[in-house]
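Single-structure report; data block below.
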Amino acid sequence: MKLSATIILATVGAACAFAPSTSNSNNALLMSTEPTETVEEPVVPIIPAINGWTPDAALPLYGLPGSSSPLGFFDPLGFSKGKELTGAKRLREAEVMHGRVAMMATVGYLIGENTPTIAYGFSHPTIANNQIPEVPGTVLFPFFLAINIAEALRASRGWVEPGLGDVFTLRENYYPGDLGFDPLGLKPKIAKDFENMQTKELNNGRLAMLAAAGMCAQEQVNGKAILENLGF
């Protein structure tokens, strides 16, 4: 009898060893139903920042510098309205480059008319509009050659090569007007300072474009040099 009871107890113990544990399953169920915290990853812009500028479609001209008080963003004819990023960068590239040329032209008007000319010296002052015909071809050729070389270097740095993308498209990593030419090291390292300097350059370029156009028109009207017209 004792032997039978012993065999029965051993059998029951062996069976319990292979039975599933309800406590473990309940604990696993509780662990699975507990809320888990989701970690939000920071949003990485598609286009990396260039000189501290990241394109923002919600801002005029994608947030490029150039707006200043009291007018703010001034575009009464809507040239920038509906422009894609490539078109906005191309508009700013044209504005910066024309502004730089106009600043040099404004200084050139004043210096050219108040220094000895090639043909007449000081005895016969010539207005700036009429000075180009006085320049001999041996001087004009290298002058225009230098301009073409400079434009080719600018295009190779900022523009997508023909056949490798859409025509008249700036490179994705190119900031409008930033040719890397800064021999005096004036380019700020801080993004905010660069934005302020860019706005100042644009405003001076805009003024120079108006000034150069006004000088050219004035000389065509009365044929007088700029300072002569002002009574100097």
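If you're wondering about the labels, chains in the structure tokens are A, B, ... by order shown, residues count from 1 in each chain, ligands from 1 in order shown.
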Contacts of A:Ala150 at 12 Å or less, counting only C-alpha atoms, minus same-chain residues fewer than 6 places along, as a PDB file with N, CA and C atoms, in the first residue's frame?
```pdb
ATOM      1  N   PHE A 143      40.563  92.524 -71.696  1.00  0.00           N
ATOM      2  CA  PHE A 143      39.555  92.909 -70.705  1.00  0.00           C
ATOM      3  C   PHE A 143      38.328  92.001 -70.796  1.00  0.00           C
ATOM      4  N   PHE A 144      37.796  91.842 -72.001  1.00  0.00           N
ATOM      5  CA  PHE A 144      36.626  90.980 -72.175  1.00  0.00           C
ATOM      6  C   PHE A 144      36.985  89.505 -71.998  1.00  0.00           C
ATOM      7  N   SER A 156      31.092  77.268 -63.267  1.00  0.00           N
ATOM      8  CA  SER A 156      31.565  75.942 -62.879  1.00  0.00           C
ATOM      9  C   SER A 156      31.399  75.696 -61.389  1.00  0.00           C
ATOM     10  N   ARG A 157      31.408  76.750 -60.607  1.00  0.00           N
ATOM     11  CA  ARG A 157      31.254  76.586 -59.158  1.00  0.00           C
ATOM     12  C   ARG A 157      29.791  76.484 -58.737  1.00  0.00           C
ATOM     13  N   LEU A 179      31.017  82.683 -53.972  1.00  0.00           N
ATOM     14  CA  LEU A 179      31.975  82.099 -54.900  1.00  0.00           C
ATOM     15  C   LEU A 179      33.247  81.627 -54.209  1.00  0.00           C
ATOM     16  N   PHE A 181      35.373  83.603 -52.920  1.00  0.00           N
ATOM     17  CA  PHE A 181      36.408  84.630 -53.128  1.00  0.00           C
ATOM     18  C   PHE A 181      36.325  85.630 -51.979  1.00  0.00           C
TER      19      PHE A 181
END
```
- Note on the structure: Of A:Val107, A:Leu91, A:Val96, A:Ala155, the one nearest to A:Asn203 when counting only C-alpha atoms is A:Val96
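Note that atom CA of A:Ser80 and atom CA of A:Thr169 are 15.8 Å apart.
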- Pairwise distance for atom CA of A:Leu186 and atom CA of A:Phe73, rounded to one decimal in Å: 25.8 Å
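A straight line drawn from atom CA of A:Glu93 to atom CA of A:Ala208 is 16.3 Å long.
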- Message: Residues of stretch 88-188 of chain A classed as strand (DSSP E or B) by DSSP on the backbone are to be reported as a ChimeraX atom specification.
- Response: /A:117,121,159,170
- Task: Give me the residues within 9 Å of A:Ala94 as a PyMOL selection string, counting only C-alpha atoms and dropping any in the same chain fewer than 5 places off.
- Result: chain A and resi 89+99+176-177
- Query: Among stretch 124-168 of chain A, which ones does DSSP place in alpha helix (DSSP H), written as an MDAnalysis selection string?
  - Reply: chainID A and resid 137:158
Keeping only N, CA, C and O atoms, write the selected residues to a file as a PDB file, in the first residue's frame.
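Generated output (selection.pdb):
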```pdb
ATOM      1  N   GLY A 137      41.650  98.245 -79.194  1.00  0.00           N
ATOM      2  CA  GLY A 137      41.286  96.831 -79.179  1.00  0.00           C
ATOM      3  C   GLY A 137      42.261  95.955 -78.430  1.00  0.00           C
ATOM      4  O   GLY A 137      41.881  94.930 -77.857  1.00  0.00           O
ATOM      5  N   THR A 138      43.535  96.375 -78.412  1.00  0.00           N
ATOM      6  CA  THR A 138      44.537  95.583 -77.691  1.00  0.00           C
ATOM      7  C   THR A 138      44.289  95.588 -76.185  1.00  0.00           C
ATOM      8  O   THR A 138      44.771  94.706 -75.468  1.00  0.00           O
ATOM      9  N   VAL A 139      43.538  96.563 -75.707  1.00  0.00           N
ATOM     10  CA  VAL A 139      43.179  96.612 -74.285  1.00  0.00           C
ATOM     11  C   VAL A 139      41.817  95.966 -74.050  1.00  0.00           C
ATOM     12  O   VAL A 139      41.599  95.277 -73.052  1.00  0.00           O
ATOM     13  N   LEU A 140      40.909  96.195 -74.986  1.00  0.00           N
ATOM     14  CA  LEU A 140      39.562  95.640 -74.824  1.00  0.00           C
ATOM     15  C   LEU A 140      39.556  94.116 -74.882  1.00  0.00           C
ATOM     16  O   LEU A 140      38.800  93.465 -74.150  1.00  0.00           O
ATOM     17  N   PHE A 141      40.373  93.541 -75.771  1.00  0.00           N
ATOM     18  CA  PHE A 141      40.352  92.083 -75.918  1.00  0.00           C
ATOM     19  C   PHE A 141      40.716  91.364 -74.613  1.00  0.00           C
ATOM     20  O   PHE A 141      39.966  90.505 -74.149  1.00  0.00           O
ATOM     21  N   PRO A 142      41.863  91.677 -73.982  1.00  0.00           N
ATOM     22  CA  PRO A 142      42.152  90.988 -72.716  1.00  0.00           C
ATOM     23  C   PRO A 142      41.150  91.326 -71.620  1.00  0.00           C
ATOM     24  O   PRO A 142      40.896  90.506 -70.729  1.00  0.00           O
ATOM     25  N   PHE A 143      40.563  92.524 -71.696  1.00  0.00           N
ATOM     26  CA  PHE A 143      39.555  92.909 -70.705  1.00  0.00           C
ATOM     27  C   PHE A 143      38.328  92.001 -70.796  1.00  0.00           C
ATOM     28  O   PHE A 143      37.864  91.434 -69.787  1.00  0.00           O
ATOM     29  N   PHE A 144      37.796  91.842 -72.001  1.00  0.00           N
ATOM     30  CA  PHE A 144      36.626  90.980 -72.175  1.00  0.00           C
ATOM     31  C   PHE A 144      36.985  89.505 -71.998  1.00  0.00           C
ATOM     32  O   PHE A 144      36.154  88.701 -71.576  1.00  0.00           O
ATOM     33  N   LEU A 145      38.214  89.138 -72.302  1.00  0.00           N
ATOM     34  CA  LEU A 145      38.651  87.763 -72.061  1.00  0.00           C
ATOM     35  C   LEU A 145      38.646  87.457 -70.562  1.00  0.00           C
ATOM     36  O   LEU A 145      38.220  86.374 -70.139  1.00  0.00           O
ATOM     37  N   ALA A 146      39.111  88.415 -69.770  1.00  0.00           N
ATOM     38  CA  ALA A 146      39.105  88.230 -68.315  1.00  0.00           C
ATOM     39  C   ALA A 146      37.680  88.096 -67.789  1.00  0.00           C
ATOM     40  O   ALA A 146      37.408  87.291 -66.884  1.00  0.00           O
ATOM     41  N   ILE A 147      36.758  88.859 -68.364  1.00  0.00           N
ATOM     42  CA  ILE A 147      35.355  88.759 -67.953  1.00  0.00           C
ATOM     43  C   ILE A 147      34.804  87.368 -68.268  1.00  0.00           C
ATOM     44  O   ILE A 147      34.105  86.751 -67.448  1.00  0.00           O
ATOM     45  N   ASN A 148      35.114  86.865 -69.454  1.00  0.00           N
ATOM     46  CA  ASN A 148      34.633  85.532 -69.835  1.00  0.00           C
ATOM     47  C   ASN A 148      35.213  84.439 -68.935  1.00  0.00           C
ATOM     48  O   ASN A 148      34.507  83.493 -68.565  1.00  0.00           O
ATOM     49  N   ILE A 149      36.479  84.563 -68.585  1.00  0.00           N
ATOM     50  CA  ILE A 149      37.097  83.570 -67.699  1.00  0.00           C
ATOM     51  C   ILE A 149      36.444  83.608 -66.320  1.00  0.00           C
ATOM     52  O   ILE A 149      36.146  82.569 -65.714  1.00  0.00           O
ATOM     53  N   ALA A 150      36.199  84.817 -65.824  1.00  0.00           N
ATOM     54  CA  ALA A 150      35.552  84.956 -64.517  1.00  0.00           C
ATOM     55  C   ALA A 150      34.143  84.361 -64.521  1.00  0.00           C
ATOM     56  O   ALA A 150      33.730  83.683 -63.571  1.00  0.00           O
ATOM     57  N   GLU A 151      33.410  84.592 -65.603  1.00  0.00           N
ATOM     58  CA  GLU A 151      32.058  84.034 -65.701  1.00  0.00           C
ATOM     59  C   GLU A 151      32.086  82.516 -65.815  1.00  0.00           C
ATOM     60  O   GLU A 151      31.227  81.824 -65.273  1.00  0.00           O
ATOM     61  N   ALA A 152      33.087  81.987 -66.520  1.00  0.00           N
ATOM     62  CA  ALA A 152      33.201  80.530 -66.636  1.00  0.00           C
ATOM     63  C   ALA A 152      33.509  79.891 -65.283  1.00  0.00           C
ATOM     64  O   ALA A 152      32.954  78.843 -64.934  1.00  0.00           O
ATOM     65  N   LEU A 153      34.379  80.526 -64.501  1.00  0.00           N
ATOM     66  CA  LEU A 153      34.690  80.013 -63.173  1.00  0.00           C
ATOM     67  C   LEU A 153      33.466  80.083 -62.264  1.00  0.00           C
ATOM     68  O   LEU A 153      33.217  79.174 -61.471  1.00  0.00           O
ATOM     69  N   ARG A 154      32.707  81.161 -62.367  1.00  0.00           N
ATOM     70  CA  ARG A 154      31.484  81.290 -61.566  1.00  0.00           C
ATOM     71  C   ARG A 154      30.471  80.206 -61.929  1.00  0.00           C
ATOM     72  O   ARG A 154      29.838  79.593 -61.056  1.00  0.00           O
ATOM     73  N   ALA A 155      30.332  79.959 -63.223  1.00  0.00           N
ATOM     74  CA  ALA A 155      29.380  78.945 -63.663  1.00  0.00           C
ATOM     75  C   ALA A 155      29.805  77.552 -63.218  1.00  0.00           C
ATOM     76  O   ALA A 155      28.970  76.732 -62.813  1.00  0.00           O
ATOM     77  N   SER A 156      31.092  77.268 -63.267  1.00  0.00           N
ATOM     78  CA  SER A 156      31.565  75.942 -62.879  1.00  0.00           C
ATOM     79  C   SER A 156      31.399  75.696 -61.389  1.00  0.00           C
ATOM     80  O   SER A 156      31.261  74.547 -60.955  1.00  0.00           O
ATOM     81  N   ARG A 157      31.408  76.750 -60.607  1.00  0.00           N
ATOM     82  CA  ARG A 157      31.254  76.586 -59.158  1.00  0.00           C
ATOM     83  C   ARG A 157      29.791  76.484 -58.737  1.00  0.00           C
ATOM     84  O   ARG A 157      29.445  75.692 -57.865  1.00  0.00           O
ATOM     85  N   GLY A 158      28.944  77.280 -59.340  1.00  0.00           N
ATOM     86  CA  GLY A 158      27.571  77.371 -58.843  1.00  0.00           C
ATOM     87  C   GLY A 158      26.503  76.702 -59.672  1.00  0.00           C
ATOM     88  O   GLY A 158      25.412  76.424 -59.164  1.00  0.00           O
TER      89      GLY A 158
END
```
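Remark: for A:Gly72, the closest of the candidate residues A:Asn51, A:Gly108, A:Thr199, A:Asp166 is A:Thr199 (distances computed over only C-alpha atoms).
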- For A:Lys200, the nearest of the candidates A:Arg100, A:Lys81, A:Arg90, A:Lys224, counting only C-alpha atoms: A:Arg100
